[in-house]
>>> print(open('data-v2.pdb').read())   # PDB, C-alpha atoms, pLDDT in the B column
ATOM      1  CA  MET A   1     118.812  93.645 -14.709  1.00 54.00           C
ATOM      2  CA  ASP A   2     119.099  97.006 -13.053  1.00 47.00           C
ATOM      3  CA  PRO A   3     121.881  96.896 -10.428  1.00 45.00           C
ATOM      4  CA  VAL A   4     119.620  98.609  -7.878  1.00 40.00           C
ATOM      5  CA  THR A   5     116.935  95.978  -8.354  1.00 47.00           C
ATOM      6  CA  ILE A   6     119.516  93.220  -7.905  1.00 44.00           C
ATOM      7  CA  PHE A   7     120.762  94.862  -4.678  1.00 41.00           C
ATOM      8  CA  PHE A   8     117.254  95.012  -3.107  1.00 42.00           C
ATOM      9  CA  ALA A   9     116.480  91.464  -4.202  1.00 48.00           C
ATOM     10  CA  VAL A  10     119.644  90.171  -2.485  1.00 43.00           C
ATOM     11  CA  LEU A  11     118.912  92.280   0.608  1.00 42.00           C
ATOM     12  CA  ALA A  12     115.364  90.898   0.824  1.00 48.00           C
ATOM     13  CA  GLY A  13     116.680  87.362   0.571  1.00 51.00           C
ATOM     14  CA  ILE A  14     119.191  87.923   3.387  1.00 46.00           C
ATOM     15  CA  MET A  15     116.509  89.428   5.665  1.00 48.00           C
ATOM     16  CA  CYS A  16     114.117  86.552   4.984  1.00 46.00           C
ATOM     17  CA  TYR A  17     116.860  84.035   5.826  1.00 44.00           C
ATOM     18  CA  GLN A  18     117.737  85.811   9.080  1.00 46.00           C
ATOM     19  CA  LEU A  19     114.071  86.081  10.076  1.00 39.00           C
ATOM     20  CA  TYR A  20     113.588  82.381   9.419  1.00 41.00           C
ATOM     21  CA  ALA A  21     116.747  81.525  11.306  1.00 42.00           C
ATOM     22  CA  THR A  22     115.611  83.572  14.276  1.00 38.00           C
ATOM     23  CA  LEU A  23     112.009  82.313  14.413  1.00 37.00           C
ATOM     24  CA  GLY A  24     112.971  78.760  13.652  1.00 42.00           C
ATOM     25  CA  ARG A  25     115.143  78.455  16.824  1.00 41.00           C
ATOM     26  CA  LYS A  26     113.902  78.039  20.429  1.00 42.00           C
ATOM     27  CA  GLY A  27     114.784  81.128  22.364  1.00 42.00           C
ATOM     28  CA  GLY A  28     115.167  81.553  26.106  1.00 41.00           C
ATOM     29  CA  HIS A  29     111.619  82.930  26.490  1.00 40.00           C
ATOM     30  CA  GLU A  30     109.903  80.682  24.001  1.00 40.00           C
ATOM     31  CA  PRO A  31     107.406  78.294  25.588  1.00 39.00           C
ATOM     32  CA  GLU A  32     108.281  74.628  25.463  1.00 44.00           C
ATOM     33  CA  GLU A  33     106.362  72.310  23.257  1.00 45.00           C
ATOM     34  CA  THR A  34     103.135  71.145  24.857  1.00 42.00           C
ATOM     35  CA  PRO A  35     103.974  67.895  26.604  1.00 41.00           C
ATOM     36  CA  ALA A  36     101.937  64.811  26.024  1.00 39.00           C
ATOM     37  CA  PRO A  37      99.304  64.146  28.652  1.00 39.00           C
ATOM     38  CA  PHE A  38     100.819  62.552  31.804  1.00 34.00           C
ATOM     39  CA  GLN A  39     100.491  58.833  31.878  1.00 40.00           C
ATOM     40  CA  ASN A  40     101.235  56.799  34.982  1.00 41.00           C
ATOM     41  CA  GLU A  41     102.935  53.738  33.672  1.00 43.00           C
ATOM     42  CA  THR A  42     102.822  52.069  37.089  1.00 41.00           C
ATOM     43  CA  GLN A  43      99.432  50.582  37.793  1.00 47.00           C
ATOM     44  CA  GLU A  44      98.250  50.372  41.368  1.00 47.00           C
ATOM     45  CA  ALA A  45      98.407  46.880  42.691  1.00 47.00           C
ATOM     46  CA  ASP A  46      95.198  45.363  43.912  1.00 54.00           C
ATOM     47  CA  VAL A  47      95.068  45.841  47.701  1.00 48.00           C
ATOM     48  CA  PRO A  48      93.090  43.178  49.505  1.00 49.00           C
ATOM     49  CA  VAL A  49      90.269  44.544  51.659  1.00 51.00           C
ATOM     50  CA  MET A  50      90.664  43.486  55.281  1.00 49.00           C
ATOM     51  CA  GLU A  51      87.368  42.487  56.776  1.00 53.00           C
ATOM     52  CA  ASP A  52      86.710  43.010  60.474  1.00 51.00           C
ATOM     53  CA  THR A  53      87.183  39.823  62.404  1.00 48.00           C
ATOM     54  CA  PRO A  54      86.166  39.215  65.994  1.00 50.00           C
ATOM     55  CA  GLU A  55      88.971  39.355  68.567  1.00 54.00           C
ATOM     56  CA  VAL A  56      90.126  35.978  69.713  1.00 52.00           C
ATOM     57  CA  GLU A  57      90.807  35.552  73.392  1.00 56.00           C
ATOM     58  CA  PRO A  58      94.326  34.262  74.169  1.00 60.00           C
ATOM     59  CA  GLU A  59      94.339  30.584  75.028  1.00 63.00           C
ATOM     60  CA  ASN A  60      96.256  31.198  78.263  1.00 79.00           C
ATOM     61  CA  LEU A  61      93.674  33.674  79.573  1.00 83.00           C
ATOM     62  CA  PRO A  62      92.393  32.600  83.020  1.00 88.00           C
ATOM     63  CA  SER A  63      88.888  31.183  82.933  1.00 91.00           C
ATOM     64  CA  TRP A  64      87.633  33.749  85.437  1.00 91.00           C
ATOM     65  CA  VAL A  65      88.731  36.580  83.119  1.00 94.00           C
ATOM     66  CA  ARG A  66      86.792  34.964  80.268  1.00 93.00           C
ATOM     67  CA  ASP A  67      83.702  34.801  82.476  1.00 93.00           C
ATOM     68  CA  VAL A  68      83.978  38.452  83.489  1.00 95.00           C
ATOM     69  CA  ARG A  69      84.624  39.628  79.926  1.00 95.00           C
ATOM     70  CA  ALA A  70      81.564  37.772  78.731  1.00 94.00           C
ATOM     71  CA  ALA A  71      79.509  40.192  80.834  1.00 93.00           C
ATOM     72  CA  TYR A  72      81.873  43.172  80.754  1.00 93.00           C
ATOM     73  CA  PRO A  73      83.941  43.183  77.509  1.00 93.00           C
ATOM     74  CA  ASP A  74      86.113  46.147  78.565  1.00 91.00           C
ATOM     75  CA  PHE A  75      87.508  44.326  81.603  1.00 94.00           C
ATOM     76  CA  GLU A  76      91.315  44.212  81.852  1.00 94.00           C
ATOM     77  CA  GLU A  77      92.889  42.026  84.533  1.00 94.00           C
ATOM     78  CA  LYS A  78      96.054  44.107  85.006  1.00 94.00           C
ATOM     79  CA  GLU A  79      94.165  47.372  85.307  1.00 95.00           C
ATOM     80  CA  PHE A  80      91.743  45.854  87.797  1.00 96.00           C
ATOM     81  CA  LEU A  81      94.472  44.438  90.047  1.00 96.00           C
ATOM     82  CA  SER A  82      96.438  47.691  89.911  1.00 95.00           C
ATOM     83  CA  GLY A  83      93.357  49.634  90.954  1.00 95.00           C
ATOM     84  CA  ALA A  84      92.484  47.071  93.624  1.00 96.00           C
ATOM     85  CA  LYS A  85      95.940  47.379  95.212  1.00 96.00           C
ATOM     86  CA  SER A  86      95.681  51.168  95.254  1.00 95.00           C
ATOM     87  CA  ALA A  87      92.221  51.007  96.819  1.00 96.00           C
ATOM     88  CA  TYR A  88      93.411  48.462  99.385  1.00 97.00           C
ATOM     89  CA  GLU A  89      96.280  50.633 100.573  1.00 96.00           C
ATOM     90  CA  MET A  90      94.188  53.823 100.611  1.00 96.00           C
ATOM     91  CA  ILE A  91      91.360  52.241 102.616  1.00 97.00           C
ATOM     92  CA  VAL A  92      93.647  50.582 105.180  1.00 96.00           C
ATOM     93  CA  GLU A  93      95.567  53.822 105.702  1.00 96.00           C
ATOM     94  CA  ALA A  94      92.338  55.843 105.941  1.00 96.00           C
ATOM     95  CA  PHE A  95      90.974  53.450 108.580  1.00 96.00           C
ATOM     96  CA  ALA A  96      94.156  53.724 110.629  1.00 95.00           C
ATOM     97  CA  ALA A  97      94.121  57.538 110.407  1.00 94.00           C
ATOM     98  CA  ASN A  98      90.383  57.751 111.179  1.00 93.00           C
ATOM     99  CA  ALA A  99      89.818  59.407 107.789  1.00 96.00           C
ATOM    100  CA  LEU A 100      87.314  57.013 106.241  1.00 96.00           C
ATOM    101  CA  SER A 101      85.322  59.847 104.696  1.00 96.00           C
ATOM    102  CA  ASP A 102      88.172  60.303 102.200  1.00 96.00           C
ATOM    103  CA  VAL A 103      87.542  56.861 100.715  1.00 96.00           C
ATOM    104  CA  LYS A 104      83.792  56.536 101.270  1.00 96.00           C
ATOM    105  CA  PRO A 105      82.936  56.349  97.522  1.00 94.00           C
ATOM    106  CA  PHE A 106      85.019  53.170  97.233  1.00 95.00           C
ATOM    107  CA  ILE A 107      83.304  51.305 100.077  1.00 97.00           C
ATOM    108  CA  ALA A 108      79.842  49.753 100.091  1.00 97.00           C
ATOM    109  CA  PRO A 109      77.544  51.236 102.785  1.00 97.00           C
ATOM    110  CA  SER A 110      77.467  48.072 104.935  1.00 96.00           C
ATOM    111  CA  VAL A 111      81.261  47.734 104.954  1.00 97.00           C
ATOM    112  CA  TYR A 112      81.710  51.457 105.544  1.00 97.00           C
ATOM    113  CA  ALA A 113      79.382  51.276 108.545  1.00 97.00           C
ATOM    114  CA  ALA A 114      81.440  48.428 110.059  1.00 96.00           C
ATOM    115  CA  PHE A 115      84.729  50.297 109.511  1.00 96.00           C
ATOM    116  CA  HIS A 116      83.262  53.515 110.891  1.00 96.00           C
ATOM    117  CA  GLU A 117      81.953  51.775 114.009  1.00 97.00           C
ATOM    118  CA  ALA A 118      85.342  50.162 114.689  1.00 95.00           C
ATOM    119  CA  ALA A 119      87.130  53.501 114.241  1.00 95.00           C
ATOM    120  CA  GLN A 120      84.708  55.259 116.592  1.00 95.00           C
ATOM    121  CA  SER A 121      85.132  52.527 119.195  1.00 96.00           C
ATOM    122  CA  ARG A 122      88.904  52.910 119.029  1.00 95.00           C
ATOM    123  CA  GLU A 123      88.601  56.664 119.413  1.00 93.00           C
ATOM    124  CA  ALA A 124      86.170  56.345 122.339  1.00 95.00           C
ATOM    125  CA  GLU A 125      88.725  54.240 124.203  1.00 94.00           C
ATOM    126  CA  GLY A 126      91.332  56.930 123.682  1.00 95.00           C
ATOM    127  CA  HIS A 127      93.417  54.743 121.406  1.00 95.00           C
ATOM    128  CA  THR A 128      95.172  55.822 118.222  1.00 94.00           C
ATOM    129  CA  SER A 129      96.492  53.743 115.379  1.00 94.00           C
ATOM    130  CA  GLU A 130      99.686  54.292 113.437  1.00 94.00           C
ATOM    131  CA  LEU A 131     100.293  52.430 110.215  1.00 95.00           C
ATOM    132  CA  GLN A 132     102.982  52.513 107.574  1.00 94.00           C
ATOM    133  CA  PHE A 133     102.775  50.549 104.344  1.00 92.00           C
ATOM    134  CA  VAL A 134     106.114  49.037 103.408  1.00 94.00           C
ATOM    135  CA  GLY A 135     104.629  47.550 100.261  1.00 92.00           C
ATOM    136  CA  THR A 136     102.103  45.121  98.811  1.00 94.00           C
ATOM    137  CA  GLU A 137     103.787  41.860  97.851  1.00 94.00           C
ATOM    138  CA  SER A 138     100.961  40.402  95.814  1.00 95.00           C
ATOM    139  CA  ALA A 139      97.328  40.652  94.846  1.00 96.00           C
ATOM    140  CA  THR A 140      95.780  37.379  93.678  1.00 95.00           C
ATOM    141  CA  VAL A 141      92.270  36.776  92.410  1.00 95.00           C
ATOM    142  CA  GLU A 142      90.711  33.928  94.375  1.00 94.00           C
ATOM    143  CA  GLU A 143      87.204  33.989  92.974  1.00 93.00           C
ATOM    144  CA  ALA A 144      85.132  35.836  90.386  1.00 95.00           C
ATOM    145  CA  LEU A 145      81.470  35.571  89.520  1.00 94.00           C
ATOM    146  CA  VAL A 146      78.740  37.415  87.675  1.00 95.00           C
ATOM    147  CA  ASP A 147      75.374  37.354  89.387  1.00 92.00           C
ATOM    148  CA  ASP A 148      72.205  39.347  88.826  1.00 92.00           C
ATOM    149  CA  GLY A 149      73.947  42.068  86.822  1.00 93.00           C
ATOM    150  CA  PHE A 150      76.893  42.480  89.215  1.00 96.00           C
ATOM    151  CA  ILE A 151      80.488  41.335  88.960  1.00 97.00           C
ATOM    152  CA  LYS A 152      82.165  40.260  92.195  1.00 97.00           C
ATOM    153  CA  ILE A 153      85.897  39.563  92.381  1.00 97.00           C
ATOM    154  CA  THR A 154      87.624  38.368  95.544  1.00 96.00           C
ATOM    155  CA  VAL A 155      91.305  39.282  95.905  1.00 97.00           C
ATOM    156  CA  THR A 156      93.840  38.112  98.465  1.00 97.00           C
ATOM    157  CA  PHE A 157      96.426  40.756  99.324  1.00 97.00           C
ATOM    158  CA  ILE A 158      99.725  40.025 101.014  1.00 96.00           C
ATOM    159  CA  SER A 159     101.392  43.173 102.271  1.00 96.00           C
ATOM    160  CA  ASN A 160     104.126  44.336 104.606  1.00 97.00           C
ATOM    161  CA  GLN A 161     103.017  46.841 107.241  1.00 96.00           C
ATOM    162  CA  ILE A 162     104.281  48.477 110.390  1.00 96.00           C
ATOM    163  CA  ARG A 163     101.245  48.664 112.691  1.00 94.00           C
ATOM    164  CA  VAL A 164     101.074  50.117 116.167  1.00 95.00           C
ATOM    165  CA  LEU A 165      98.140  50.774 118.502  1.00 95.00           C
ATOM    166  CA  LEU A 166      98.752  53.408 121.175  1.00 94.00           C
ATOM    167  CA  ASP A 167      96.837  54.303 124.329  1.00 92.00           C
ATOM    168  CA  GLY A 168      95.993  57.817 125.477  1.00 91.00           C
ATOM    169  CA  ALA A 169      99.443  58.231 126.999  1.00 91.00           C
ATOM    170  CA  GLY A 170     101.180  57.220 123.782  1.00 91.00           C
ATOM    171  CA  GLU A 171     102.213  53.826 125.105  1.00 94.00           C
ATOM    172  CA  VAL A 172     102.224  50.872 122.748  1.00 95.00           C
ATOM    173  CA  ILE A 173      99.295  48.539 123.319  1.00 94.00           C
ATOM    174  CA  ASP A 174      99.709  46.356 120.288  1.00 94.00           C
ATOM    175  CA  GLY A 175     102.251  46.025 117.515  1.00 93.00           C
ATOM    176  CA  ASP A 176     105.884  47.086 117.334  1.00 94.00           C
ATOM    177  CA  PRO A 177     107.189  50.237 115.622  1.00 94.00           C
ATOM    178  CA  ASN A 178     110.388  48.349 114.789  1.00 95.00           C
ATOM    179  CA  ARG A 179     108.740  45.280 113.302  1.00 95.00           C
ATOM    180  CA  ILE A 180     107.349  44.698 109.840  1.00 96.00           C
ATOM    181  CA  ASP A 181     104.271  42.482 109.860  1.00 95.00           C
ATOM    182  CA  ARG A 182     103.331  40.384 106.850  1.00 95.00           C
ATOM    183  CA  VAL A 183      99.566  40.715 106.554  1.00 95.00           C
ATOM    184  CA  ARG A 184      96.996  38.809 104.503  1.00 95.00           C
ATOM    185  CA  ASP A 185      93.639  40.395 103.665  1.00 95.00           C
ATOM    186  CA  ARG A 186      90.854  38.877 101.601  1.00 96.00           C
ATOM    187  CA  TRP A 187      88.626  41.539 100.063  1.00 97.00           C
ATOM    188  CA  THR A 188      85.764  41.362  97.597  1.00 97.00           C
ATOM    189  CA  PHE A 189      85.135  44.139  95.070  1.00 98.00           C
ATOM    190  CA  SER A 190      82.002  44.606  93.005  1.00 97.00           C
ATOM    191  CA  ARG A 191      80.519  46.743  90.251  1.00 96.00           C
ATOM    192  CA  SER A 192      77.395  46.751  88.133  1.00 95.00           C
ATOM    193  CA  VAL A 193      77.788  45.396  84.619  1.00 93.00           C
ATOM    194  CA  ASN A 194      75.895  48.403  83.228  1.00 91.00           C
ATOM    195  CA  SER A 195      77.524  51.095  85.382  1.00 89.00           C
ATOM    196  CA  ARG A 196      79.277  53.977  83.657  1.00 87.00           C
ATOM    197  CA  ASP A 197      81.408  54.502  86.765  1.00 87.00           C
ATOM    198  CA  PRO A 198      84.754  52.716  86.213  1.00 85.00           C
ATOM    199  CA  ASN A 199      85.353  52.384  89.969  1.00 89.00           C
ATOM    200  CA  TRP A 200      84.745  49.224  91.963  1.00 95.00           C
ATOM    201  CA  GLN A 201      83.432  49.126  95.515  1.00 96.00           C
ATOM    202  CA  LEU A 202      84.668  47.092  98.443  1.00 98.00           C
ATOM    203  CA  VAL A 203      81.686  44.938  99.442  1.00 97.00           C
ATOM    204  CA  ALA A 204      83.208  42.371 101.837  1.00 96.00           C
ATOM    205  CA  THR A 205      86.384  41.827 103.867  1.00 95.00           C
ATOM    206  CA  GLY A 206      88.084  38.857 105.471  1.00 85.00           C
ATOM    207  CA  GLY A 207      91.034  39.507 107.751  1.00 63.00           C
ATOM    208  CA  PRO A 208      93.463  41.012 108.402  1.00 61.00           C
ATOM    209  CA  ALA A 209      95.695  38.326 109.837  1.00 56.00           C
ATOM    210  CA  SER A 210      99.447  38.263 110.277  1.00 56.00           C
ATOM    211  CA  ILE A 211     101.152  35.318 108.618  1.00 55.00           C
ATOM    212  CA  ALA A 212     104.540  33.721 108.964  1.00 47.00           C
ATOM    213  CA  GLY A 213     107.245  35.202 106.767  1.00 45.00           C
TER     214      GLY A 213
END
>>> encode(input="data-v2.pdb", output="structure tokens")
Amino acid sequence: MDPVTIFFAVLAGIMCYQLYATLGRKGGHEPEETPAPFQNETQEADVPVMEDTPEVEPENLPSWVRDVRAAYPDFEEKEFLSGAKSAYEMIVEAFAANALSDVKPFIAPSVYAAFHEAAQSREAEGHTSELQFVGTESATVEEALVDDGFIKITVTFISNQIRVLLDGAGEVIDGDPNRIDRVRDRWTFSRSVNSRDPNWQLVATGGPASIAG
């Protein structure tokens, strides 16, 4: 065979081998083999569906709370008593300061009229009242009823107050500025079952009366 032909045949073989070697390897920019479709080997566990169940009233719930909730499901005893104590202190202080108009929305018209008349009578006599709340010891529900679309709850408050009644000259007529009186008041609050107003109104009072410590 012609030596030149042999030379080109060998050269062609070497080039083919190098080309194969180069294309047969995975280079840095060569795309990876197409992966198999993703398969989640972990199957989701069956999750039980929780059905809505009616709320069960606690067994230790007072019977009066059950009665009120039957007519007014959103009623909460702690919230009511907290609001009742706040209203009690505000109304007593407003009466003493002759500022009943500030708390008028929280008092039923008949009770407001009685408070207003007493405050006017005190003012007409030239007397002034000074009162300082030391604190409310307790607020206890004595009675609760639902009647004709209205809820009525009677609460007994026991509070500590410094109460003084002064004449026109500033002399003490009643009370002692250096004495803390323990006072019991029995108030009844009411609201309509269908009212959108969350506030309760004072509809009746009994007291006040000082009690032994």
>>> resolve_selection(input="data-v2.pdb", expression="the PyMOL selection byres ((chain A and resi 145) around 10)", output="list in words")
Trp64, Val65, Asp67, Val68, Glu143, Ala144, Val146, Asp147, Phe150, Ile151, Lys152, Ile153, Thr154 and Ser190 of chain A
>>> residues_near_point(input="data-v2.pdb", point="(108.2, 46.4, 115.4)", cutoff="12 Å", atoms="only C-alpha atoms", output="list of chain:residue names")
A:Glu130, A:Leu131, A:Gln132, A:Asn160, A:Gln161, A:Ile162, A:Arg163, A:Val164, A:Leu165, A:Val172, A:Asp174, A:Gly175, A:Asp176, A:Pro177, A:Asn178, A:Arg179, A:Ile180, A:Asp181, A:Arg182
>>> atom_distance(input="data-v2.pdb", atom1="CA of Gln201 (chain A)", atom2="CA of Asp74 (chain A)")
17.4 Å
>>> residues_around(input="data-v2.pdb", residues="region 183-185 of chain A", least_positions_apart="2", cutoff="12 Å", atoms="only C-alpha atoms", output="PDB file with C-alpha atoms, keeping the file's coordinate frame")
ATOM      1  CA  LYS A  85      95.940  47.379  95.212  1.00 96.00           C
ATOM      2  CA  TYR A  88      93.411  48.462  99.385  1.00 97.00           C
ATOM      3  CA  GLU A  89      96.280  50.633 100.573  1.00 96.00           C
ATOM      4  CA  VAL A  92      93.647  50.582 105.180  1.00 96.00           C
ATOM      5  CA  PHE A 133     102.775  50.549 104.344  1.00 92.00           C
ATOM      6  CA  VAL A 134     106.114  49.037 103.408  1.00 94.00           C
ATOM      7  CA  GLY A 135     104.629  47.550 100.261  1.00 92.00           C
ATOM      8  CA  THR A 136     102.103  45.121  98.811  1.00 94.00           C
ATOM      9  CA  GLU A 137     103.787  41.860  97.851  1.00 94.00           C
ATOM     10  CA  SER A 138     100.961  40.402  95.814  1.00 95.00           C
ATOM     11  CA  ALA A 139      97.328  40.652  94.846  1.00 96.00           C
ATOM     12  CA  THR A 140      95.780  37.379  93.678  1.00 95.00           C
ATOM     13  CA  VAL A 141      92.270  36.776  92.410  1.00 95.00           C
ATOM     14  CA  GLU A 142      90.711  33.928  94.375  1.00 94.00           C
ATOM     15  CA  THR A 154      87.624  38.368  95.544  1.00 96.00           C
ATOM     16  CA  VAL A 155      91.305  39.282  95.905  1.00 97.00           C
ATOM     17  CA  THR A 156      93.840  38.112  98.465  1.00 97.00           C
ATOM     18  CA  PHE A 157      96.426  40.756  99.324  1.00 97.00           C
ATOM     19  CA  ILE A 158      99.725  40.025 101.014  1.00 96.00           C
ATOM     20  CA  SER A 159     101.392  43.173 102.271  1.00 96.00           C
ATOM     21  CA  ASN A 160     104.126  44.336 104.606  1.00 97.00           C
ATOM     22  CA  GLN A 161     103.017  46.841 107.241  1.00 96.00           C
ATOM     23  CA  ILE A 162     104.281  48.477 110.390  1.00 96.00           C
ATOM     24  CA  ARG A 163     101.245  48.664 112.691  1.00 94.00           C
ATOM     25  CA  ILE A 180     107.349  44.698 109.840  1.00 96.00           C
ATOM     26  CA  ASP A 181     104.271  42.482 109.860  1.00 95.00           C
ATOM     27  CA  TRP A 187      88.626  41.539 100.063  1.00 97.00           C
ATOM     28  CA  THR A 188      85.764  41.362  97.597  1.00 97.00           C
ATOM     29  CA  ALA A 204      83.208  42.371 101.837  1.00 96.00           C
ATOM     30  CA  THR A 205      86.384  41.827 103.867  1.00 95.00           C
ATOM     31  CA  GLY A 206      88.084  38.857 105.471  1.00 85.00           C
ATOM     32  CA  GLY A 207      91.034  39.507 107.751  1.00 63.00           C
ATOM     33  CA  PRO A 208      93.463  41.012 108.402  1.00 61.00           C
ATOM     34  CA  ALA A 209      95.695  38.326 109.837  1.00 56.00           C
ATOM     35  CA  SER A 210      99.447  38.263 110.277  1.00 56.00           C
ATOM     36  CA  ILE A 211     101.152  35.318 108.618  1.00 55.00           C
ATOM     37  CA  ALA A 212     104.540  33.721 108.964  1.00 47.00           C
ATOM     38  CA  GLY A 213     107.245  35.202 106.767  1.00 45.00           C
TER      39      GLY A 213
END
>>> atom_distance(input="data-v2.pdb", atom1="CA of Leu202 (chain A)", atom2="CA of Met90 (chain A)")
11.9 Å
>>> atom_distance(input="data-v2.pdb", atom1="CA of Tyr72 (chain A)", atom2="CA of Ser101 (chain A)")
29.4 Å
>>> resolve_selection(input="data-v2.pdb", expression="the PyMOL selection byres ((chain A and resi 116-127) around 10)", output="ChimeraX atom specification")
/A:95-101,110-115,128-129,165-173
>>> build_atoms(input="data-v2.pdb", residues="region 87-104 of chain A", atoms="N, CA and C atoms", output="tab-separated table (two decimals), in the frame of the given file")
chain	number	residue	atom	x	y	z
A	87	ALA	N	93.37	50.85	95.93
A	87	ALA	CA	92.22	51.01	96.82
A	87	ALA	C	92.48	50.35	98.17
A	88	TYR	N	93.09	49.18	98.14
A	88	TYR	CA	93.41	48.46	99.38
A	88	TYR	C	94.30	49.31	100.30
A	89	GLU	N	95.36	49.83	99.76
A	89	GLU	CA	96.28	50.63	100.57
A	89	GLU	C	95.62	51.91	101.07
A	90	MET	N	94.85	52.59	100.20
A	90	MET	CA	94.19	53.82	100.61
A	90	MET	C	93.18	53.59	101.74
A	91	ILE	N	92.40	52.51	101.63
A	91	ILE	CA	91.36	52.24	102.62
A	91	ILE	C	91.97	51.85	103.95
A	92	VAL	N	92.99	50.99	103.93
A	92	VAL	CA	93.65	50.58	105.18
A	92	VAL	C	94.28	51.79	105.88
A	93	GLU	N	94.94	52.64	105.12
A	93	GLU	CA	95.57	53.82	105.70
A	93	GLU	C	94.51	54.80	106.24
A	94	ALA	N	93.40	54.94	105.49
A	94	ALA	CA	92.34	55.84	105.94
A	94	ALA	C	91.70	55.33	107.23
A	95	PHE	N	91.53	54.02	107.35
A	95	PHE	CA	90.97	53.45	108.58
A	95	PHE	C	91.91	53.70	109.76
A	96	ALA	N	93.19	53.51	109.55
A	96	ALA	CA	94.16	53.72	110.63
A	96	ALA	C	94.19	55.18	111.06
A	97	ALA	N	94.04	56.10	110.10
A	97	ALA	CA	94.12	57.54	110.41
A	97	ALA	C	92.77	58.13	110.77
A	98	ASN	N	91.73	57.28	110.88
A	98	ASN	CA	90.38	57.75	111.18
A	98	ASN	C	89.92	58.79	110.16
A	99	ALA	N	90.18	58.50	108.88
A	99	ALA	CA	89.82	59.41	107.79
A	99	ALA	C	89.03	58.65	106.72
A	100	LEU	N	88.07	57.85	107.17
A	100	LEU	CA	87.31	57.01	106.24
A	100	LEU	C	86.49	57.82	105.25
A	101	SER	N	86.12	59.04	105.61
A	101	SER	CA	85.32	59.85	104.70
A	101	SER	C	86.05	60.10	103.38
A	102	ASP	N	87.39	60.06	103.42
A	102	ASP	CA	88.17	60.30	102.20
A	102	ASP	C	88.00	59.19	101.16
A	103	VAL	N	87.65	58.01	101.63
A	103	VAL	CA	87.54	56.86	100.72
A	103	VAL	C	86.12	56.29	100.68
A	104	LYS	N	85.17	57.03	101.18
A	104	LYS	CA	83.79	56.54	101.27
A	104	LYS	C	83.22	56.09	99.93
